[in-house]
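Participant: To be precise about what I am sending: the file is called structure.txt and holds compact mmCIF, C-alpha atoms and all ligand atoms.
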```txt
# COMPACT_ATOMS: atom_id res chain seq x y z
CA MET U 165 0.00 0.00 0.00
CA ILE U 166 1.22 3.44 -0.89
CA THR U 167 0.18 5.22 2.26
CA LYS U 168 0.33 8.90 3.07
CA GLU U 169 3.33 8.12 5.25
CA VAL U 170 5.22 6.56 2.30
CA ILE U 171 4.59 9.64 0.19
CA GLU U 172 5.55 12.02 2.98
CA ARG U 173 8.79 10.15 3.55
CA ALA U 174 9.57 10.12 -0.17
CA THR U 175 8.87 13.86 -0.30
CA THR U 176 11.33 14.39 2.57
CA HIS U 177 13.93 12.30 0.72
CA ARG U 178 13.32 14.25 -2.51
CA ARG U 179 13.75 17.62 -0.87
CA HIS U 180 16.84 16.57 1.05
CA LEU U 181 18.44 15.20 -2.13
CA HIS U 182 17.45 18.37 -3.97
CA MET U 183 19.21 20.48 -1.36
CA TYR U 184 22.48 18.55 -1.64
CA PRO U 185 22.99 17.79 -5.35
CA GLU U 186 26.23 16.20 -6.54
CA VAL U 187 27.39 16.03 -10.15
CA SER U 188 28.17 12.85 -12.09
CA GLY U 189 30.77 10.60 -10.51
CA GLU U 190 30.88 12.69 -7.32
CA GLU U 191 27.66 11.50 -5.67
CA VAL U 192 29.43 10.53 -2.44
CA GLU U 193 27.05 12.06 0.11
CA THR U 194 24.06 11.04 -2.02
CA THR U 195 25.36 7.47 -1.99
CA ARG U 196 25.80 7.58 1.78
CA TYR U 197 22.27 8.97 2.21
CA ILE U 198 20.70 6.25 0.04
CA ARG U 199 22.69 3.49 1.77
CA GLU U 200 21.58 4.69 5.18
CA ALA U 201 17.95 4.87 4.08
CA LEU U 202 18.11 1.31 2.69
CA GLU U 203 19.91 -0.07 5.73
CA ALA U 204 17.34 1.58 8.00
CA MET U 205 14.70 -0.40 6.09
CA GLY U 206 16.63 -3.62 6.70
CA LEU U 207 18.27 -4.05 3.29
CA GLU U 208 21.86 -5.06 2.78
CA CYS U 209 23.73 -3.03 0.17
CA TRP U 210 26.24 -4.51 -2.26
CA ASP U 211 29.91 -3.72 -1.91
CA LEU U 212 30.65 -1.95 -5.15
CA LYS U 213 34.01 -1.02 -6.60
CA SER U 214 32.39 2.15 -7.91
CA LYS U 215 32.75 4.81 -5.20
CA THR U 216 29.23 6.07 -5.93
CA GLY U 217 25.92 4.30 -6.56
CA VAL U 218 24.01 1.79 -4.46
CA VAL U 219 22.62 -1.65 -5.27
CA ALA U 220 20.45 -3.79 -3.01
CA GLU U 221 17.72 -6.37 -3.36
CA LEU U 222 14.83 -7.99 -1.57
CA GLY U 223 12.34 -10.76 -2.18
CA ASN U 224 12.56 -14.50 -2.10
CA GLY U 225 13.31 -17.82 -3.53
CA GLU U 226 14.17 -19.23 -6.86
CA GLY U 227 11.77 -17.03 -8.81
CA PRO U 228 12.58 -14.39 -11.41
CA THR U 229 14.54 -11.22 -10.67
CA LEU U 230 13.39 -7.80 -11.77
CA ALA U 231 15.61 -4.69 -11.64
CA LEU U 232 14.32 -1.19 -10.89
CA ARG U 233 16.67 1.63 -11.75
CA ALA U 234 16.87 5.28 -10.67
CA ASP U 235 19.71 7.67 -11.54
CA ILE U 236 21.08 9.84 -8.72
CA ASP U 237 23.35 12.52 -10.22
CA ALA U 238 22.89 16.28 -10.62
CA LEU U 239 24.17 18.88 -13.10
CA PRO U 240 26.73 21.71 -12.95
CA ILE U 241 24.03 24.42 -13.08
CA VAL U 242 23.41 27.37 -10.74
CA GLU U 243 19.88 26.91 -9.43
CA GLN U 244 17.38 29.74 -9.93
CA THR U 245 14.19 28.20 -8.56
CA GLY U 246 14.00 30.25 -5.36
CA LEU U 247 12.71 27.13 -3.54
CA ASP U 248 13.15 27.03 0.21
CA TYR U 249 14.93 23.69 -0.33
CA ALA U 250 17.05 24.97 -3.25
CA SER U 251 20.59 23.66 -3.73
CA LYS U 252 23.06 24.37 -0.98
CA ASN U 253 25.91 22.96 -3.08
CA GLU U 254 27.03 25.95 -5.08
CA GLY U 255 27.14 25.34 -8.84
CA ALA U 256 25.27 22.03 -8.67
CA MET U 257 21.55 21.48 -9.18
CA HIS U 258 19.10 18.63 -9.59
CA ALA U 259 17.93 20.23 -12.85
CA CYS U 260 16.99 16.91 -14.45
CA GLY U 261 14.91 15.62 -11.54
CA HIS U 262 17.10 12.67 -10.62
CA ASP U 263 16.31 13.58 -6.99
CA PHE U 264 12.70 12.69 -7.86
CA HIS U 265 13.78 9.40 -9.44
CA THR U 266 15.85 8.46 -6.38
CA ALA U 267 13.10 9.40 -3.90
CA SER U 268 10.54 7.40 -5.90
CA LEU U 269 12.71 4.31 -5.80
CA LEU U 270 13.29 4.73 -2.05
CA GLY U 271 9.50 4.95 -1.67
CA ALA U 272 9.09 1.78 -3.74
CA VAL U 273 11.63 -0.05 -1.56
CA GLN U 274 9.61 0.83 1.52
CA VAL U 275 6.38 -0.50 0.00
CA LEU U 276 7.95 -3.66 -1.45
CA LYS U 277 9.81 -4.38 1.79
CA ALA U 278 6.46 -4.50 3.60
CA GLN U 279 5.24 -7.07 1.05
CA GLU U 280 8.47 -9.03 0.83
CA ASP U 281 6.96 -12.34 1.98
CA LYS U 282 4.39 -12.29 -0.80
CA LEU U 283 6.76 -11.39 -3.64
CA GLN U 284 7.06 -14.00 -6.37
CA GLY U 285 10.80 -13.56 -6.83
CA LYS U 286 13.38 -10.86 -6.24
CA VAL U 287 13.54 -7.16 -6.91
CA ARG U 288 16.95 -5.53 -7.34
CA PHE U 289 17.26 -1.79 -6.79
CA ILE U 290 19.86 0.05 -8.83
CA PHE U 291 20.64 3.58 -7.68
CA GLN U 292 22.88 4.53 -10.56
CA PRO U 293 25.46 7.33 -10.54
CA ALA U 294 26.80 9.30 -13.52
CA GLU U 295 23.87 9.14 -15.92
CA GLU U 296 24.61 12.61 -17.28
CA SER U 297 28.13 11.57 -18.26
CA ASN U 298 26.87 8.26 -19.75
CA ARG U 299 29.28 6.30 -17.58
CA GLY U 300 27.22 5.04 -14.66
CA ALA U 301 25.20 2.28 -16.32
CA ARG U 302 28.23 0.74 -17.99
CA ALA U 303 30.24 0.89 -14.76
CA LEU U 304 27.52 -0.92 -12.80
CA ILE U 305 26.93 -3.48 -15.55
CA SER U 306 30.63 -4.34 -15.38
CA GLU U 307 30.11 -4.99 -11.65
CA GLY U 308 27.44 -7.58 -12.40
CA VAL U 309 24.25 -5.70 -11.50
CA LEU U 310 22.41 -7.42 -14.34
CA ASP U 311 23.55 -10.92 -13.42
CA GLY U 312 20.48 -13.10 -13.03
CA VAL U 313 18.08 -10.28 -13.92
CA ASP U 314 15.16 -11.13 -16.22
CA ALA U 315 13.96 -7.60 -17.01
CA ILE U 316 14.52 -3.98 -16.00
CA ILE U 317 12.26 -0.95 -15.73
CA GLY U 318 12.97 2.72 -15.16
CA PHE U 319 11.56 6.12 -15.95
CA HIS U 320 12.38 9.76 -16.44
CA ASN U 321 10.24 12.60 -15.19
CA LYS U 322 8.63 14.58 -18.01
CA PRO U 323 7.97 18.24 -17.22
CA GLU U 324 5.53 18.86 -20.07
CA LEU U 325 3.23 15.98 -19.09
CA PRO U 326 0.72 16.78 -16.33
CA VAL U 327 0.89 14.97 -12.99
CA GLY U 328 -1.09 11.72 -13.21
CA THR U 329 -0.03 11.12 -16.81
CA ILE U 330 2.54 8.53 -17.85
CA GLY U 331 4.01 8.19 -21.33
CA ILE U 332 4.61 4.60 -22.42
CA LYS U 333 5.39 3.20 -25.85
CA ALA U 334 7.04 0.08 -27.25
CA GLY U 335 10.03 0.49 -29.55
CA PRO U 336 12.42 3.45 -29.82
CA LEU U 337 11.91 6.30 -27.32
CA MET U 338 15.21 8.14 -26.84
CA ALA U 339 18.01 8.56 -29.35
CA ALA U 340 21.36 6.86 -29.74
CA VAL U 341 24.24 9.26 -29.25
CA GLY U 342 27.46 9.63 -31.16
CA GLN U 343 30.02 12.16 -29.92
CA PHE U 344 32.73 13.22 -32.33
CA SER U 345 35.72 15.54 -32.40
CA VAL U 346 37.90 16.63 -35.30
CA GLU U 347 41.33 18.19 -35.33
CA LEU U 348 42.54 19.72 -38.58
CA LYS U 349 46.22 20.41 -39.05
CA GLY U 350 47.35 22.93 -41.64
CA VAL U 351 50.32 25.31 -41.68
CA GLY U 352 50.26 28.50 -39.66
CA THR U 353 51.40 31.78 -41.15
CA HIS U 354 51.02 35.58 -41.09
CA ALA U 355 47.44 36.54 -41.86
CA ALA U 356 48.78 38.94 -44.51
CA ALA U 357 50.55 36.08 -46.33
CA PRO U 358 48.08 33.15 -46.41
CA HIS U 359 49.85 31.68 -49.47
CA ASN U 360 52.85 30.89 -47.26
CA GLY U 361 50.76 28.62 -45.02
CA ASN U 362 47.77 26.30 -45.31
CA ASP U 363 44.75 27.75 -43.54
CA PRO U 364 42.74 25.18 -41.52
CA ILE U 365 40.02 27.74 -40.65
CA VAL U 366 38.78 27.93 -44.23
CA THR U 367 38.89 24.12 -44.49
CA ALA U 368 36.96 23.72 -41.21
CA CYS U 369 34.28 26.14 -42.40
CA GLN U 370 33.82 24.20 -45.63
CA ILE U 371 33.71 20.85 -43.85
CA ILE U 372 31.17 22.06 -41.31
CA THR U 373 28.92 23.53 -44.00
CA ASN U 374 29.08 20.34 -46.04
CA LEU U 375 28.40 18.10 -43.04
CA GLN U 376 25.00 19.78 -42.77
CA ALA U 377 23.96 18.14 -46.03
CA ILE U 378 24.34 14.63 -44.60
CA VAL U 379 21.12 14.52 -42.58
CA SER U 380 19.10 16.52 -45.13
CA ARG U 381 20.28 14.53 -48.20
CA HIS U 382 21.21 11.05 -46.97
CA VAL U 383 18.78 10.16 -44.17
CA SER U 384 15.10 9.44 -44.77
CA PRO U 385 12.94 12.44 -43.84
CA LEU U 386 10.74 9.94 -41.98
CA SER U 387 13.60 8.92 -39.71
CA PRO U 388 14.57 11.56 -37.12
CA ALA U 389 18.27 12.39 -36.99
CA VAL U 390 20.39 15.32 -35.80
CA LEU U 391 23.95 16.37 -36.57
CA SER U 392 25.17 19.35 -34.52
CA ILE U 393 28.58 20.95 -34.31
CA SER U 394 28.59 22.70 -30.97
CA HIS U 395 32.17 23.74 -30.26
CA ILE U 396 34.88 25.17 -32.50
CA GLU U 397 38.29 26.59 -31.68
CA GLY U 398 41.04 27.88 -33.90
CA GLY U 399 43.56 30.68 -33.61
CA ASN U 400 43.87 33.33 -30.94
CA THR U 401 44.43 36.66 -32.62
CA TRP U 402 43.56 38.75 -35.70
CA ASN U 403 46.75 38.63 -37.70
CA VAL U 404 47.96 35.03 -37.40
CA ILE U 405 46.56 32.06 -39.31
CA PRO U 406 46.72 29.13 -36.88
CA GLU U 407 48.15 25.70 -37.52
CA ARG U 408 45.19 23.83 -36.02
CA VAL U 409 41.41 23.98 -35.75
CA PHE U 410 39.38 21.81 -33.42
CA PHE U 411 35.65 21.18 -33.56
CA GLU U 412 33.26 18.73 -31.93
CA GLY U 413 29.61 17.86 -31.75
CA THR U 414 27.05 15.11 -31.67
CA ILE U 415 24.81 12.94 -33.83
CA ARG U 416 21.46 11.57 -32.62
CA THR U 417 19.62 8.74 -34.35
CA PHE U 418 16.96 6.11 -33.66
CA TYR U 419 18.13 3.38 -36.00
CA LYS U 420 21.49 1.67 -36.26
CA LYS U 421 21.51 1.95 -40.05
CA ASP U 422 21.18 5.76 -39.83
CA GLN U 423 23.92 5.94 -37.23
CA ASP U 424 26.27 3.83 -39.34
CA LYS U 425 25.50 5.78 -42.50
CA ILE U 426 25.98 9.23 -40.93
CA ARG U 427 29.18 8.18 -39.22
CA GLY U 428 30.57 6.67 -42.43
CA LEU U 429 29.74 9.75 -44.50
CA MET U 430 31.23 12.07 -41.87
CA ASP U 431 34.47 10.10 -41.69
CA HIS U 432 34.72 10.17 -45.47
CA MET U 433 33.88 13.85 -45.85
CA VAL U 434 36.20 15.10 -43.11
CA HIS U 435 39.21 13.14 -44.35
CA GLN U 436 38.62 13.73 -48.06
CA MET U 437 38.04 17.46 -47.70
CA ALA U 438 41.10 17.88 -45.53
CA ALA U 439 43.08 15.96 -48.17
CA ILE U 440 41.75 18.20 -50.98
CA TYR U 441 43.35 21.16 -49.17
CA GLY U 442 46.51 19.26 -48.35
CA GLN U 443 45.77 19.12 -44.63
CA GLU U 444 45.55 16.34 -42.07
CA ALA U 445 42.39 15.45 -40.19
CA HIS U 446 42.20 13.41 -37.02
CA MET U 447 38.71 12.31 -36.04
CA GLU U 448 37.54 10.57 -32.86
CA TRP U 449 34.21 9.00 -31.98
CA ILE U 450 32.54 7.94 -28.76
CA MET U 451 29.34 5.99 -29.45
CA THR U 452 27.15 5.78 -26.37
CA PRO U 453 24.50 5.35 -25.22
CA PRO U 454 22.49 3.40 -27.80
CA VAL U 455 18.74 3.81 -28.40
CA VAL U 456 16.29 3.45 -25.52
CA ASP U 457 14.31 0.72 -27.25
CA ASN U 458 11.38 -0.56 -25.21
CA ASP U 459 10.78 -4.31 -25.38
CA GLU U 460 7.34 -5.18 -26.81
CA GLU U 461 6.44 -7.81 -24.22
CA VAL U 462 7.66 -5.99 -21.11
CA THR U 463 6.12 -2.73 -22.31
CA ALA U 464 2.73 -4.38 -22.92
CA ILE U 465 2.65 -5.61 -19.30
CA VAL U 466 3.81 -2.24 -17.95
CA LYS U 467 1.17 -0.44 -19.98
CA ASP U 468 -1.67 -2.74 -18.84
CA THR U 469 -0.59 -2.37 -15.23
CA THR U 470 0.06 1.36 -15.29
CA GLU U 471 -3.27 2.28 -16.87
CA GLN U 472 -4.96 1.02 -13.71
CA PHE U 473 -3.63 3.99 -11.73
CA ALA U 474 -2.58 6.66 -14.26
CA THR U 475 -3.56 8.15 -17.60
CA ILE U 476 -1.43 6.65 -20.36
CA VAL U 477 -0.26 8.76 -23.27
CA THR U 478 1.96 7.91 -26.22
CA PRO U 479 5.12 9.94 -25.68
CA GLU U 480 6.89 11.80 -28.45
CA LEU U 481 10.35 10.59 -29.36
CA THR U 482 13.12 12.62 -27.81
CA LEU U 483 16.58 13.15 -29.26
CA GLY U 484 17.96 13.39 -25.76
CA ALA U 485 20.07 10.51 -24.47
CA GLU U 486 19.61 8.15 -21.54
CA ASP U 487 22.13 5.53 -20.50
CA PHE U 488 19.29 3.25 -19.36
CA ALA U 489 19.74 2.07 -22.97
CA ASN U 490 22.96 0.34 -21.91
CA TYR U 491 21.00 -2.08 -19.69
CA MET U 492 18.65 -2.78 -22.60
CA GLU U 493 21.58 -4.07 -24.64
CA TYR U 494 21.61 -7.09 -22.30
CA ILE U 495 18.08 -7.63 -21.02
CA PRO U 496 14.56 -6.56 -22.06
CA GLY U 497 13.19 -3.46 -20.41
CA CYS U 498 10.74 -0.61 -20.39
CA PHE U 499 11.48 3.06 -19.83
CA ALA U 500 8.55 5.42 -19.25
CA PHE U 501 8.03 9.18 -18.95
CA ILE U 502 6.22 10.20 -15.76
CA GLY U 503 4.44 13.56 -15.86
CA THR U 504 5.71 16.12 -13.33
CA GLY U 505 3.97 19.25 -14.67
CA CYS U 506 6.65 21.95 -14.86
CA PRO U 507 6.92 24.90 -17.29
CA TYR U 508 10.68 24.47 -17.68
CA GLU U 509 12.51 21.79 -19.64
CA TRP U 510 15.16 19.42 -18.30
CA HIS U 511 18.47 21.17 -17.47
CA HIS U 512 16.86 24.61 -17.10
CA PRO U 513 18.01 26.59 -14.00
CA SER U 514 14.36 27.04 -13.00
CA PHE U 515 13.46 23.35 -13.53
CA LEU U 516 11.00 21.95 -10.97
CA VAL U 517 9.07 18.79 -10.29
CA ASP U 518 5.70 18.61 -8.58
CA ASP U 519 5.93 16.26 -5.60
CA ALA U 520 2.31 15.26 -6.25
CA ALA U 521 3.80 13.04 -8.98
CA LEU U 522 5.69 10.92 -6.41
CA GLN U 523 2.72 8.64 -5.79
CA TYR U 524 2.52 7.81 -9.51
CA ALA U 525 6.24 7.15 -9.74
CA ILE U 526 6.21 4.91 -6.65
CA SER U 527 3.15 3.07 -8.01
CA TYR U 528 4.91 2.64 -11.34
CA PHE U 529 7.77 0.81 -9.64
CA VAL U 530 5.66 -1.17 -7.14
CA GLU U 531 2.73 -2.25 -9.32
CA ASN U 532 4.92 -3.14 -12.28
CA SER U 533 7.32 -5.12 -10.06
CA GLN U 534 4.47 -7.33 -8.96
CA ALA U 535 2.99 -7.66 -12.46
CA LEU U 536 6.31 -8.50 -14.10
CA LEU U 537 7.38 -10.94 -11.40
CA ASN U 538 4.04 -12.74 -11.78
CA GLN U 539 4.46 -12.83 -15.53
CA TYR U 540 8.03 -14.16 -15.42
CA GLN U 541 6.99 -16.66 -12.75
CA LYS U 542 4.60 -18.16 -15.25
CA GLY U 543 7.48 -18.27 -17.69
NI NI V 1 17.94 13.10 -16.65
```
As structure tokens, please, write out the structure in this file.
Facilitator:
Amino acid sequence: MITKEVIERATTHRRHLHMYPEVSGEEVETTRYIREALEAMGLECWDLKSKTGVVAELGNGEGPTLALRADIDALPIVEQTGLDYASKNEGAMHACGHDFHTASLLGAVQVLKAQEDKLQGKVRFIFQPAEESNRGARALISEGVLDGVDAIIGFHNKPELPVGTIGIKAGPLMAAVGQFSVELKGVGTHAAAPHNGNDPIVTACQIITNLQAIVSRHVSPLSPAVLSISHIEGGNTWNVIPERVFFEGTIRTFYKKDQDKIRGLMDHMVHQMAAIYGQEAHMEWIMTPPVVDNDEEVTAIVKDTTEQFATIVTPELTLGAEDFANYMEYIPGCFAFIGTGCPYEWHHPSFLVDDAALQYAISYFVENSQALLNQYQKG
């Protein structure tokens, strides 16, 4: 039962976590806080090599194991909400609502702990660090958090959905991310004598302009994709042509074939155009996370269960990333969007969540744990 006391306690957790945000990989006090809360409820936490993050489980027997995941990290943003529980850690803010995710999962632990005897299997709780840096899921997977797990569920708060609404859909939901950087090497010279050097700024400008034709001319207009160059550096004064130019950016796609095609064309274009101008290009890629791709079967069960306590909507695709996708590379899962009714988008300095949404988020974890364990029990 999700009592008033459960919600009040989760609200207290949420506000405490909001007041003391810690950025990716540095969630030391957050980790300590979660551990203490779990131990106070009688759970034993795993000994992890990772200095942040908490994993614990409850339940019984030889039955199936379901994993519930919440991310715990904050962002390097100066909070401008004016809340009485606003961040006390200068320069850090829970501007993506991971405090809400963490508090919801703590609430779910409390409810499931009270029903432990009746559970048809085990529930593993993954309080994951470093989601924003796309490192946390992979780090925990390498520590075995998915060992023996049949399925995983998670969610992200969704500010534009009203409280009481939950977005669920099978198939792709959030984009795969590719991060790239390019260094062009030409020959520096006096800006008054460009013929004595080999100007990488002109080459970079041509490459960047041409890269913009890849999505518009080579990817189906029915398949969403983004290619953005977001950072460029070259030179440091008005009368010197530099030797090097650096630029970097990201691609976002929903299908592997689009990702492979864009990456291949970019590699080709960058190297060939640099060669045309007699310059060298060095290009690096980091491909992670992949697509958040909701499993048909798990999602059908989650949808049937969730519509008993919330209004279901079909969420729009988002080109944002979510390293929950890394778990889905190994086991089936479902990732939902839970409405938190806020006028500001994720990562905005005035971002808020409405605590009235906690009961829906706790129910999402609790009700779907029972439904999925029952389903996997039947085989
Ligand atoms: Ni987030």
Participant: Pick the closest to ligand NI 1 (chain V) from U:Arg173, U:Arg427, U:Arg199, U:His258: which is it, counting all atoms listed in the file?
Facilitator: U:His258
Participant: For a cut-off of 10 Å around (-1.9, 7.6, -11.4), file coordinates, pick out all residues using only C-alpha atoms and list them as a list in words.
Facilitator: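 Those within range, by chain then number, are Val327, Gly328, Thr329, Ile330, Thr470, Glu471, Gln472, Phe473, Ala474, Thr475, Ile476, Ile502, Gly503, Ala521, Leu522, Gln523, Tyr524, Ala525, Ile526, Ser527 and Tyr528 of chain U.
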Participant: With C-alpha atoms retained, write the just-selected residues as a short mmCIF file (atom, residue, chain, number, x, y, z; two decimals), in the frame of the given file.
Facilitator:
```cif
data_model
loop_
_atom_site.label_atom_id
_atom_site.label_comp_id
_atom_site.auth_asym_id
_atom_site.auth_seq_id
_atom_site.Cartn_x
_atom_site.Cartn_y
_atom_site.Cartn_z
CA VAL U 327 0.89 14.97 -12.99
CA GLY U 328 -1.09 11.72 -13.21
CA THR U 329 -0.03 11.12 -16.81
CA ILE U 330 2.54 8.53 -17.85
CA THR U 470 0.06 1.36 -15.29
CA GLU U 471 -3.27 2.28 -16.87
CA GLN U 472 -4.96 1.02 -13.71
CA PHE U 473 -3.63 3.99 -11.73
CA ALA U 474 -2.58 6.66 -14.26
CA THR U 475 -3.56 8.15 -17.60
CA ILE U 476 -1.43 6.65 -20.36
CA ILE U 502 6.22 10.20 -15.76
CA GLY U 503 4.44 13.56 -15.86
CA ALA U 521 3.80 13.04 -8.98
CA LEU U 522 5.69 10.92 -6.41
CA GLN U 523 2.72 8.64 -5.79
CA TYR U 524 2.52 7.81 -9.51
CA ALA U 525 6.24 7.15 -9.74
CA ILE U 526 6.21 4.91 -6.65
CA SER U 527 3.15 3.07 -8.01
CA TYR U 528 4.91 2.64 -11.34
#
```
Participant: Within 10 Å of (28.7, 21.6, -6.6) (coordinates as in the file), grab all the protein and nucleic acid residues, counting all atoms listed in the file, and write them out as an NGL selection string.
Facilitator: :U and (184-187 or 190 or 238-242 or 251-257)
Participant: So that I can see what lies close to stretch 348-350 of chain U, please list as a list of chain:residue names the residues with an atom at most 10 Å from it, counting all atoms listed in the file and leaving out residues fewer than 4 positions away in the same chain.
Facilitator: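 Listing them by chain and then by number gives U:Gly361, U:Asn362, U:Asp363, U:Pro364, U:Ile365, U:Thr367, U:Ala368, U:Gly398, U:Ile405, U:Pro406, U:Glu407, U:Arg408, U:Val409, U:Phe410, U:Phe411, U:Val434, U:His435, U:Ala438, U:Tyr441, U:Gly442, U:Gln443, U:Glu444, U:Ala445, U:His446, U:Met447.
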Participant: For the selection you just gave me, I'd like the residues written to a file as a PDB file, keeping the file's coordinate frame, keeping C-alpha atoms.
Facilitator:
```
ATOM      1  CA  GLY U 361      50.760  28.620 -45.020  1.00  0.00           C
ATOM      2  CA  ASN U 362      47.770  26.300 -45.310  1.00  0.00           C
ATOM      3  CA  ASP U 363      44.750  27.750 -43.540  1.00  0.00           C
ATOM      4  CA  PRO U 364      42.740  25.180 -41.520  1.00  0.00           C
ATOM      5  CA  ILE U 365      40.020  27.740 -40.650  1.00  0.00           C
ATOM      6  CA  THR U 367      38.890  24.120 -44.490  1.00  0.00           C
ATOM      7  CA  ALA U 368      36.960  23.720 -41.210  1.00  0.00           C
ATOM      8  CA  GLY U 398      41.040  27.880 -33.900  1.00  0.00           C
ATOM      9  CA  ILE U 405      46.560  32.060 -39.310  1.00  0.00           C
ATOM     10  CA  PRO U 406      46.720  29.130 -36.880  1.00  0.00           C
ATOM     11  CA  GLU U 407      48.150  25.700 -37.520  1.00  0.00           C
ATOM     12  CA  ARG U 408      45.190  23.830 -36.020  1.00  0.00           C
ATOM     13  CA  VAL U 409      41.410  23.980 -35.750  1.00  0.00           C
ATOM     14  CA  PHE U 410      39.380  21.810 -33.420  1.00  0.00           C
ATOM     15  CA  PHE U 411      35.650  21.180 -33.560  1.00  0.00           C
ATOM     16  CA  VAL U 434      36.200  15.100 -43.110  1.00  0.00           C
ATOM     17  CA  HIS U 435      39.210  13.140 -44.350  1.00  0.00           C
ATOM     18  CA  ALA U 438      41.100  17.880 -45.530  1.00  0.00           C
ATOM     19  CA  TYR U 441      43.350  21.160 -49.170  1.00  0.00           C
ATOM     20  CA  GLY U 442      46.510  19.260 -48.350  1.00  0.00           C
ATOM     21  CA  GLN U 443      45.770  19.120 -44.630  1.00  0.00           C
ATOM     22  CA  GLU U 444      45.550  16.340 -42.070  1.00  0.00           C
ATOM     23  CA  ALA U 445      42.390  15.450 -40.190  1.00  0.00           C
ATOM     24  CA  HIS U 446      42.200  13.410 -37.020  1.00  0.00           C
ATOM     25  CA  MET U 447      38.710  12.310 -36.040  1.00  0.00           C
TER      26      MET U 447
END
```
Participant: Distance table requested - chain U against ligand NI 1 (chain V), cut-off 7 Å, all atoms listed in the file: one row per qualifying residue with the closest atom pair and its distance in Å to one decimal, ordered by chain and rising residue number, as a Markdown table.
Facilitator:
```
| residue | atom | partner | partner_atom | distance |
| --- | --- | --- | --- | --- |
| U:Cys260 | CA | V:NI1 | NI | 4.5 |
| U:Gly261 | CA | V:NI1 | NI | 6.5 |
| U:His262 | CA | V:NI1 | NI | 6.1 |
| U:Glu296 | CA | V:NI1 | NI | 6.7 |
| U:His320 | CA | V:NI1 | NI | 6.5 |
```
Participant: Go through U:Leu537, U:Ala259, U:Ile465, U:Cys498 and flag the residue nearest U:Glu226, using all atoms listed in the file for the distances.
Facilitator: U:Leu537
Participant: Looking at all atoms listed in the file, which of U:Cys506, U:Pro388, U:His359, U:Val309 is the one that sits closest to U:Asp211?
Facilitator: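 Counting all atoms listed in the file, the residue closest to U:Asp211 is U:Val309.
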Participant: Between atom CA of U:Asn458 and atom CA of U:Pro293, what is the distance in Å, rounded to a tenth?
Facilitator: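 Between atom CA of U:Asn458 and atom CA of U:Pro293 the gap is 21.8 Å.
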Participant: Which one of U:Phe499, U:Tyr249, U:Trp210, U:Tyr491 sits closest to U:Asp314 if you count all atoms listed in the file?
Facilitator: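 Comparing U:Phe499, U:Tyr249, U:Trp210, U:Tyr491 against U:Asp314, the winner is U:Tyr491.
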Participant: Applying 8 Å and only C-alpha atoms, which residues near U:Met492 remain after dropping the ones on its own chain fewer than 3 positions away? List them as a list in words.
Facilitator: Ile316, Val456, Asp457, Phe488, Ala489, Ile495, Pro496 and Gly497 of chain U
Participant: Report, in Å to a single decimal, how far apart atom CA of U:Thr504 and atom CA of U:Thr417 are.
Facilitator: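 Interatomic distance here is 26.3 Å.
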Participant: Between U:His265, U:Lys322, U:His180, U:Lys420, which has the minimum distance to U:Phe501 (counting all atoms listed in the file)?
Facilitator: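 Of U:His265, U:Lys322, U:His180, U:Lys420, the one nearest U:Phe501 is U:Lys322, counting all atoms listed in the file.
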Participant: Work out how far apart atom CA of U:Ser392 and atom CA of U:Gly484 are and give it in Å to one decimal.
Facilitator: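 Computing it gives 12.8 Å between the two atoms.
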